[in-house]
Amino acid sequence: MKRILFIDRDGTLIEEPSDEQIDSFGKLKFTRGVFRNLNFIRSKLDFHFVIVSNQDGLGTESFPEDTFWPVHNFMLQTFEGEGITFDEQLIDRHFPEDNAPTRKPNTGLVEKYINNPEYDLANSYVIGDRETDRQFAQNIGCKSLILGGPDKLTWDKIAEILFAGERIAEVRRKTKETDIHVRINLDGTGLCDISTGLGFFDHMLEQIGKHGMLDLTVHTKGDLEVDEHHTIEDTAIAIGECLLSALGDKRGIERYGYSLPMDDCLCSVALDFGGRPWLVWDAGFHREKIGEMPTEMFLHFFKSLSDGAKMNLNIKAEGINEHHKIEGIFKAFARSLKMAVKRDIYHYELPSTKGML
C-alpha cells in the first residue's frame, strides 16, 4: 500500500504573507529547509506527494487566477529543479463561510484516497502549519506534522521523523511497593506532567524535561508511608528503561554529553549511551534532606537511572548551596541528555567502531 504526504502550501512549502494571499512574485518566499528535506524525503522514502491547499476565493475579483497561477507554476518548477515533484495538486477555492465539503479540514478533496485499499492512510501524514491541518489529518485518519506552533517542528525535524521514526516510549512498572507510569518523547518541546508525591523530586524531574527538551510524563504512587526510597529508586529505573526504549537502535545519535554552572556551583555531567551502565559520583551534601528528598538518594537515583538506561554517567558538583548543587546536577544531566540523543539522519549510522551499542 502507498503512503501519502498531504502537504499544505502556504505557510508550509512557501511562507504565508500577512494578507494570506500570494498573488505576486514579490511575495514568494520558500520556507526554511524545505528544499533539502523534501528532496531527502523524496529520494529516500516511498511517499506519494499531494499538495492540498485552501485558496480563498481563487478566481473571484478579489483573487484573480492570472495573479495565482504564474507564481504557483514557478514554485512547482523551482521544486522540480531541486529534485522534488508532486504527484497531485488539490486546491479548494471556497471562502470559509461557504462551509464547502472540499475545504480543509473537511475531506471532500481527498475522498478518493479514503477507504481505498491502495493507500495506507494510517501511516500517512498531513504536513501543515495550522491546527486546521491537524484536524484535517484526524478527519482522514492519518498522522500530522505541524510546522512551528506548539510542536515547534522544523523541516529538519519533519524529515528526521519521517525517515527514522518518532522516539516515544512508555514504561509501566508495578510492584508491591510502587506503581509507576513513565512516557518519554525524545523529540518533544519540554512538556512535563510529573507527580511522584515528593514535591522536590517532582521539581528535579521537571528540569530533565524542560532543559533536555523532551516531553516527560512520570506518575508514581509509592509507599511513602514507609519512606522515600522505593519511590525514588523505582522511578529512576523506569525512566532509565524508558530512555533506553525510546532511543531504539541509536543510529545517528550524538551519544555523548556535557556540563554547566548554577550560581555558586559548578556541575559536570558527562554521559555515554554506549550500552554499559556505570556511575562515577563526586558530589557531597551536608544536609540530610532537601525538601522531602533525602540527599543520600541523589546518588541512588542516578545509579538506578544509569542501570536502567545502560548509560555511563560521570557526575561531579562543587559549591556551597545544597539546593543549587543538586538542581545544577539535574540541569546539567538534562543538557547532556539533549546533546547525546540529538539525531542526524544525514549521517545515519551507529556512533561506534564496534558496530553495536
# chains A, B, ... in the order shown; residues from 1 in each chain; ligands from 1
>>> residues_around(residues="Asp249 (chain A)", least_positions_apart="6", cutoff="12 Å", atoms="only C-alpha atoms", output="PyMOL selection string")
chain A and resi 164-165+167+243+255+273-275+341+343+348-351+355-357
>>> closest_atom_pairs(of="region 151-220 of chain A", to="region 19-43 of chain A", cutoff="10 Å", atoms="only C-alpha atoms", output="Markdown table")
| residue | atom | partner | partner_atom | distance |
| --- | --- | --- | --- | --- |
| A:Thr154 | CA | A:Gly33 | CA | 7.8 |
| A:Trp155 | CA | A:Gly33 | CA | 5.6 |
| A:Asp156 | CA | A:Asn37 | CA | 6.3 |
| A:Lys157 | CA | A:Asn37 | CA | 9.1 |
| A:Ile158 | CA | A:Asn37 | CA | 8.1 |
| A:Ala159 | CA | A:Asn37 | CA | 5.7 |
| A:Glu160 | CA | A:Asn37 | CA | 8.8 |
| A:Leu162 | CA | A:Ile41 | CA | 7.6 |
| A:Phe163 | CA | A:Ile41 | CA | 7.2 |
>>> residues_around(residues="Phe49 (chain A)", least_positions_apart="3", cutoff="8 Å", atoms="only C-alpha atoms", output="ChimeraX atom specification")
/A:4-7,85-88
>>> write_last_selection(atoms="C-alpha atoms", output="PDB file, in the first residue's frame")
ATOM      1  CA  ILE A   4       0.864   9.682   1.276  1.00  0.00           C
ATOM      2  CA  LEU A   5       2.169  13.050   2.351  1.00  0.00           C
ATOM      3  CA  PHE A   6      -0.692  15.537   2.141  1.00  0.00           C
ATOM      4  CA  ILE A   7       1.288  18.783   2.080  1.00  0.00           C
ATOM      5  CA  THR A  85       7.907  16.611  -7.838  1.00  0.00           C
ATOM      6  CA  PHE A  86       4.315  16.392  -6.658  1.00  0.00           C
ATOM      7  CA  ASP A  87       2.011  13.580  -7.756  1.00  0.00           C
ATOM      8  CA  GLU A  88      -1.149  15.639  -7.455  1.00  0.00           C
TER       9      GLU A  88
END
>>> select_by_dssp(residues="region 56-266 of chain A", states="strand (DSSP E or B)", output="VMD selection string")
chain A and resid 88 to 92 119 125 to 128 143 to 148 153 168 to 174 178 to 185 192 to 195 215 to 222 253 256 259 to 262 265 to 266
>>> write_last_selection(atoms="C-alpha atoms", output="CSV table (one decimal), in the first residue's frame")
chain,number,residue,atom,x,y,z
A,88,GLU,CA,-1.1,15.6,-7.5
A,89,GLN,CA,-2.3,19.1,-6.6
A,90,LEU,CA,-5.7,19.6,-4.9
A,91,ILE,CA,-6.9,23.2,-4.5
A,92,ASP,CA,-10.1,24.4,-2.9
A,119,TYR,CA,-3.4,3.6,0.2
A,125,TYR,CA,0.8,12.2,7.2
A,126,VAL,CA,-0.5,15.7,6.8
A,127,ILE,CA,2.2,18.3,6.8
A,128,GLY,CA,0.9,21.8,7.6
A,143,LYS,CA,-1.0,11.5,11.4
A,144,SER,CA,0.1,15.1,11.4
A,145,LEU,CA,3.3,17.1,11.5
A,146,ILE,CA,2.7,20.7,12.1
A,147,LEU,CA,5.4,23.3,11.5
A,148,GLY,CA,6.1,25.8,14.2
A,153,LEU,CA,8.7,21.4,14.3
A,168,ILE,CA,8.4,7.8,22.0
A,169,ALA,CA,8.3,5.1,24.7
A,170,GLU,CA,6.2,4.2,27.7
A,171,VAL,CA,7.1,2.1,30.7
A,172,ARG,CA,4.7,0.8,33.3
A,173,ARG,CA,6.3,-0.7,36.4
A,174,LYS,CA,4.2,-2.1,39.2
A,178,THR,CA,5.3,1.2,43.7
A,179,ASP,CA,3.0,1.8,40.7
A,180,ILE,CA,4.8,3.8,38.0
A,181,HIS,CA,3.9,5.1,34.6
A,182,VAL,CA,6.6,6.9,32.5
A,183,ARG,CA,6.3,8.3,29.0
A,184,ILE,CA,9.1,10.0,27.1
A,185,ASN,CA,9.2,11.7,23.7
A,192,CYS,CA,6.1,17.8,31.7
A,193,ASP,CA,3.5,16.0,33.7
A,194,ILE,CA,5.2,14.9,36.9
A,195,SER,CA,3.6,13.5,40.1
A,215,ASP,CA,8.3,15.6,26.8
A,216,LEU,CA,8.3,13.7,30.1
A,217,THR,CA,5.3,12.1,32.0
A,218,VAL,CA,6.0,10.5,35.3
A,219,HIS,CA,3.2,9.3,37.6
A,220,THR,CA,4.4,7.4,40.6
A,221,LYS,CA,2.4,6.0,43.5
A,222,GLY,CA,4.8,4.7,46.1
A,253,ILE,CA,22.7,9.9,17.8
A,256,TYR,CA,27.8,11.9,24.4
A,259,SER,CA,28.2,20.5,32.0
A,260,LEU,CA,27.0,23.8,33.4
A,261,PRO,CA,27.4,26.3,36.3
A,262,MET,CA,24.5,27.4,38.6
A,265,CYS,CA,28.0,25.8,41.9
A,266,LEU,CA,29.8,24.1,39.1
>>> residues_around(residues="Lys289 (chain A)", least_positions_apart="6", cutoff="12 Å", atoms="only C-alpha atoms", output="list in words")
Leu198, Phe200, Phe201, Glu228, Thr295, Glu296, Met297, Phe298, Glu322, His323 and Ile326 of chain A
>>> decode(residues="region 236-257 of chain A", atoms="N, CA and C atoms", output="short mmCIF file (atom, residue, chain, number, x, y, z; two decimals), in the first residue's frame")
data_model
loop_
_atom_site.label_atom_id
_atom_site.label_comp_id
_atom_site.auth_asym_id
_atom_site.auth_seq_id
_atom_site.Cartn_x
_atom_site.Cartn_y
_atom_site.Cartn_z
N ALA A 236 13.48 6.06 39.06
CA ALA A 236 14.72 6.17 38.29
C ALA A 236 14.89 4.98 37.35
N ILE A 237 14.59 3.78 37.83
CA ILE A 237 14.69 2.59 36.98
C ILE A 237 13.75 2.70 35.79
N ALA A 238 12.50 3.14 36.05
CA ALA A 238 11.50 3.24 34.98
C ALA A 238 11.89 4.31 33.96
N ILE A 239 12.41 5.45 34.41
CA ILE A 239 12.85 6.50 33.48
C ILE A 239 14.01 5.98 32.64
N GLY A 240 14.95 5.30 33.26
CA GLY A 240 16.09 4.75 32.52
C GLY A 240 15.66 3.76 31.47
N GLU A 241 14.76 2.85 31.83
CA GLU A 241 14.27 1.87 30.86
C GLU A 241 13.51 2.53 29.72
N CYS A 242 12.78 3.59 30.05
CA CYS A 242 12.01 4.33 29.03
C CYS A 242 12.95 5.05 28.08
N LEU A 243 14.00 5.65 28.60
CA LEU A 243 15.01 6.30 27.76
C LEU A 243 15.63 5.29 26.79
N LEU A 244 16.00 4.14 27.32
CA LEU A 244 16.63 3.11 26.50
C LEU A 244 15.70 2.65 25.39
N SER A 245 14.42 2.49 25.71
CA SER A 245 13.44 2.06 24.72
C SER A 245 13.23 3.13 23.66
N ALA A 246 13.14 4.40 24.07
CA ALA A 246 12.91 5.50 23.13
C ALA A 246 14.07 5.67 22.17
N LEU A 247 15.29 5.37 22.61
CA LEU A 247 16.47 5.52 21.76
C LEU A 247 16.49 4.52 20.60
N GLY A 248 15.79 3.42 20.75
CA GLY A 248 15.75 2.44 19.67
C GLY A 248 17.13 1.87 19.36
N ASP A 249 17.49 1.84 18.07
CA ASP A 249 18.78 1.24 17.70
C ASP A 249 19.94 2.23 17.81
N LYS A 250 19.65 3.48 18.20
CA LYS A 250 20.66 4.53 18.47
C LYS A 250 21.37 5.03 17.23
N ARG A 251 20.88 4.69 16.06
CA ARG A 251 21.53 5.16 14.84
C ARG A 251 21.42 6.69 14.74
N GLY A 252 22.52 7.31 14.37
CA GLY A 252 22.53 8.74 14.12
C GLY A 252 22.65 9.62 15.35
N ILE A 253 22.64 9.04 16.57
CA ILE A 253 22.68 9.89 17.76
C ILE A 253 24.10 10.39 18.02
N GLU A 254 24.18 11.50 18.76
CA GLU A 254 25.49 12.05 19.12
C GLU A 254 26.20 11.17 20.15
N ARG A 255 25.43 10.56 21.03
CA ARG A 255 25.89 9.58 22.02
C ARG A 255 26.44 10.20 23.31
N TYR A 256 27.15 11.31 23.22
CA TYR A 256 27.81 11.87 24.40
C TYR A 256 27.21 13.22 24.81
N GLY A 257 27.53 13.63 26.05
CA GLY A 257 27.05 14.92 26.52
C GLY A 257 27.96 15.72 27.46
#
